[in-house]
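S.K.: Shown below is the structure under consideration.
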Amino acid sequence: MHGTKSPPSAKLNERSISIRIARDPNDLMLVTAIRAAVYLAEQDCPIEEEFDGNDLVAAHFIGFVGAEPAGCLRVRFFGEFAKVERLAVRHQFRRSRVSFKLVQASVDYIRRKGFKKIYGQAQDRLVDFWAHFGAKPLRHNRKITFSDFSYTEMVLDLEPCADAITLDSDPYVIIRPEGDWDRPGVLDISSDRTATSPLRAAALAGT
């Protein structure tokens with residue numbers, strides 16, 4: 001979880017806030033830029049500690065204030081839980097509600113994927129921020145320190161999502177783009193074509 005908190009501001013709330021999932025290399029560049037500005041520049045985090053090798057195996061959310069990329073958040077998935085982490089908001093947008101909307105979007109996404117628990121490691125000063133979403137300190141009483149900050153393990157129990165993606169879901173829903181499960185994707189559209197198995201036909205033609 002860790003990261004930066006964004007207290008509300010009436011002035012910035014007048015501007016539209018939107019959240020979307022990173023889908024291509026350009027989006028990952030935005031994520032990198034935001035986290036570099038927050039963690040490397042502001043918190044003096046070593047680059048190898050911030051960019052830890054997990055970015056290509058995670059889902060990333062980007063928050064916009066108007067058209068400007070303002071914050072980001074990362075989610076990784078394990079067998080029994082999802083881990084929310086690397087919440088970062090650029091300093092000029094910390095009086096908006098972009099951090100709240102980033103977290104809520106990630107919670108909704110995790111519930112839709114069928115997970116019932118979220119785990120996080122919150123900077124001690126931000127425990128109350130994560131408690132706003134219902135997260136509670138994990139009862140292990142383990143103290144974590146890394147990248148010069150002290151962290152508290154947190155866990156959030158989720159209510160089952162009625163339309164969670166399962167093995168019984170429409171197979172076309174399962175293959176749609178992540179987080180965009182409620183509208184037909186390009187593979188739905190391709191199903192209108194007759195199944196011709198072009199590779200099989202080419203193989204037979206070569207025999």
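Quick note on naming: the chains in the structure tokens go A, B, ... in the order shown, residues restart at 1 in each chain, and ligands are numbered from 1 in order of appearance.
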Within 12 Å of Ile47 (chain A), counting only C-alpha atoms, which residues qualify if same-chain residues fewer than 4 places away don't, as a PyMOL selection string?
M.R.: chain A and resi 32+35-41+43+51-53+147
S.K.: The selected residues should be written to file as a PDB file, in the first residue's frame (atoms: C-alpha atoms).
M.R.:
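Output file part-v1.pdb follows:
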ATOM      1  CA  THR A  32       7.287   5.437 -14.141  1.00  0.00           C
ATOM      2  CA  ARG A  35       6.644   7.277  -9.205  1.00  0.00           C
ATOM      3  CA  ALA A  36      10.030   8.776 -10.060  1.00  0.00           C
ATOM      4  CA  ALA A  37       8.729  12.244  -9.170  1.00  0.00           C
ATOM      5  CA  VAL A  38       7.296  11.056  -5.854  1.00  0.00           C
ATOM      6  CA  TYR A  39       9.602   8.335  -4.577  1.00  0.00           C
ATOM      7  CA  LEU A  40      12.930   9.078  -6.230  1.00  0.00           C
ATOM      8  CA  ALA A  41      12.811  12.877  -6.177  1.00  0.00           C
ATOM      9  CA  GLN A  43      11.572  10.590  -0.794  1.00  0.00           C
ATOM     10  CA  PHE A  51      11.589  -0.159  -9.548  1.00  0.00           C
ATOM     11  CA  ASP A  52      11.820  -3.592  -7.996  1.00  0.00           C
ATOM     12  CA  GLY A  53      11.266  -5.942 -10.941  1.00  0.00           C
ATOM     13  CA  SER A 147      13.564   2.194   1.885  1.00  0.00           C
TER      14      SER A 147
END
S.K.: I want to know what sits within 9 Å of Gly114 (chain A), based on only C-alpha atoms, with residues of the same chain fewer than 3 positions away left out; could you give that as a PyMOL selection string?
M.R.: chain A and resi 109-111+160-161+163-166
S.K.: Give me, please, the distance in Å between CA of Glu178 (chain A) and CA of Ile21 (chain A), quoted to one decimal.
M.R.: 7.8 Å
S.K.: Check region 34-87 of chain A with DSSP on the backbone and list each residue it calls strand (DSSP E), as a PDB file with C-alpha atoms, in the first residue's frame.
M.R.:
ATOM      1  CA  ALA A  59      -1.870  -4.245 -12.918  1.00  0.00           C
ATOM      2  CA  HIS A  60      -1.353  -0.484 -12.795  1.00  0.00           C
ATOM      3  CA  PHE A  61      -3.971   2.226 -12.327  1.00  0.00           C
ATOM      4  CA  ILE A  62      -3.404   5.808 -13.476  1.00  0.00           C
ATOM      5  CA  GLY A  63      -5.360   8.724 -12.045  1.00  0.00           C
ATOM      6  CA  PHE A  64      -5.932  11.890 -14.067  1.00  0.00           C
ATOM      7  CA  VAL A  65      -6.987  15.335 -12.927  1.00  0.00           C
ATOM      8  CA  GLU A  68      -2.969  15.566 -16.511  1.00  0.00           C
ATOM      9  CA  PRO A  69      -1.611  12.271 -15.090  1.00  0.00           C
ATOM     10  CA  ALA A  70      -1.695  12.891 -11.355  1.00  0.00           C
ATOM     11  CA  GLY A  71      -1.199   9.568  -9.567  1.00  0.00           C
ATOM     12  CA  CYS A  72      -0.807   5.819  -9.915  1.00  0.00           C
ATOM     13  CA  LEU A  73      -1.212   2.597  -7.983  1.00  0.00           C
ATOM     14  CA  ARG A  74      -0.035  -1.003  -8.488  1.00  0.00           C
ATOM     15  CA  VAL A  75      -1.830  -4.291  -7.784  1.00  0.00           C
ATOM     16  CA  ARG A  76      -0.245  -7.753  -7.676  1.00  0.00           C
ATOM     17  CA  PHE A  77      -2.073 -11.047  -7.285  1.00  0.00           C
ATOM     18  CA  ALA A  82      -4.317  -9.224  -3.918  1.00  0.00           C
ATOM     19  CA  LYS A  83      -1.676  -6.740  -2.805  1.00  0.00           C
ATOM     20  CA  VAL A  84      -2.214  -3.010  -3.300  1.00  0.00           C
ATOM     21  CA  GLU A  85       1.006  -1.023  -3.368  1.00  0.00           C
ATOM     22  CA  ARG A  86       3.035   1.843  -4.840  1.00  0.00           C
ATOM     23  CA  LEU A  87       0.325   4.483  -4.451  1.00  0.00           C
TER      24      LEU A  87
END
S.K.: Report, in Å with one decimal, the straight-line distance from CA of Leu167 (chain A) to CA of Lys113 (chain A).
M.R.: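 Those two atoms sit 11.2 Å apart.
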S.K.: Pick out the residues sitting within 6 Å of Thr152 (chain A), and hand them over as a list of chain:residue names; count only C-alpha atoms, and ignore anything fewer than 3 positions along from it in its own chain.
M.R.: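 Near neighbours after the sequence-gap exclusion: A:Gln121, A:Ala122, A:Asp124.
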S.K.: Can you check which residues of region 11-171 of chain A DSSP gives as helix (DSSP H, G or I) on the backbone and send them as an MDAnalysis selection string?
M.R.: chainID A and resid 11:13 25:42 47:50 55:57 91:93 98:112 124:131 171
S.K.: Give the answer as one residue: which of A:Asp192, A:Asp168, A:Asp108, A:Asp148 has the shortest atom-to-atom distance to Gln123 (chain A), using only C-alpha atoms?
M.R.: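 For Gln123 (chain A), the nearest of the given residues is A:Asp148.
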S.K.: Between A:Ala67, A:Val57, A:Glu49, A:Arg125, which residue has the minimum interatomic distance to Ser16 (chain A), considering only C-alpha atoms?
M.R.: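 Ranking A:Ala67, A:Val57, A:Glu49, A:Arg125 by distance to Ser16 (chain A), first place goes to A:Ala67.
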S.K.: Quick one, how far is CA of Phe115 (chain A) from CA of Lys143 (chain A)?
M.R.: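 Interatomic distance, CA of Phe115 (chain A) to CA of Lys143 (chain A): 25.5 Å.
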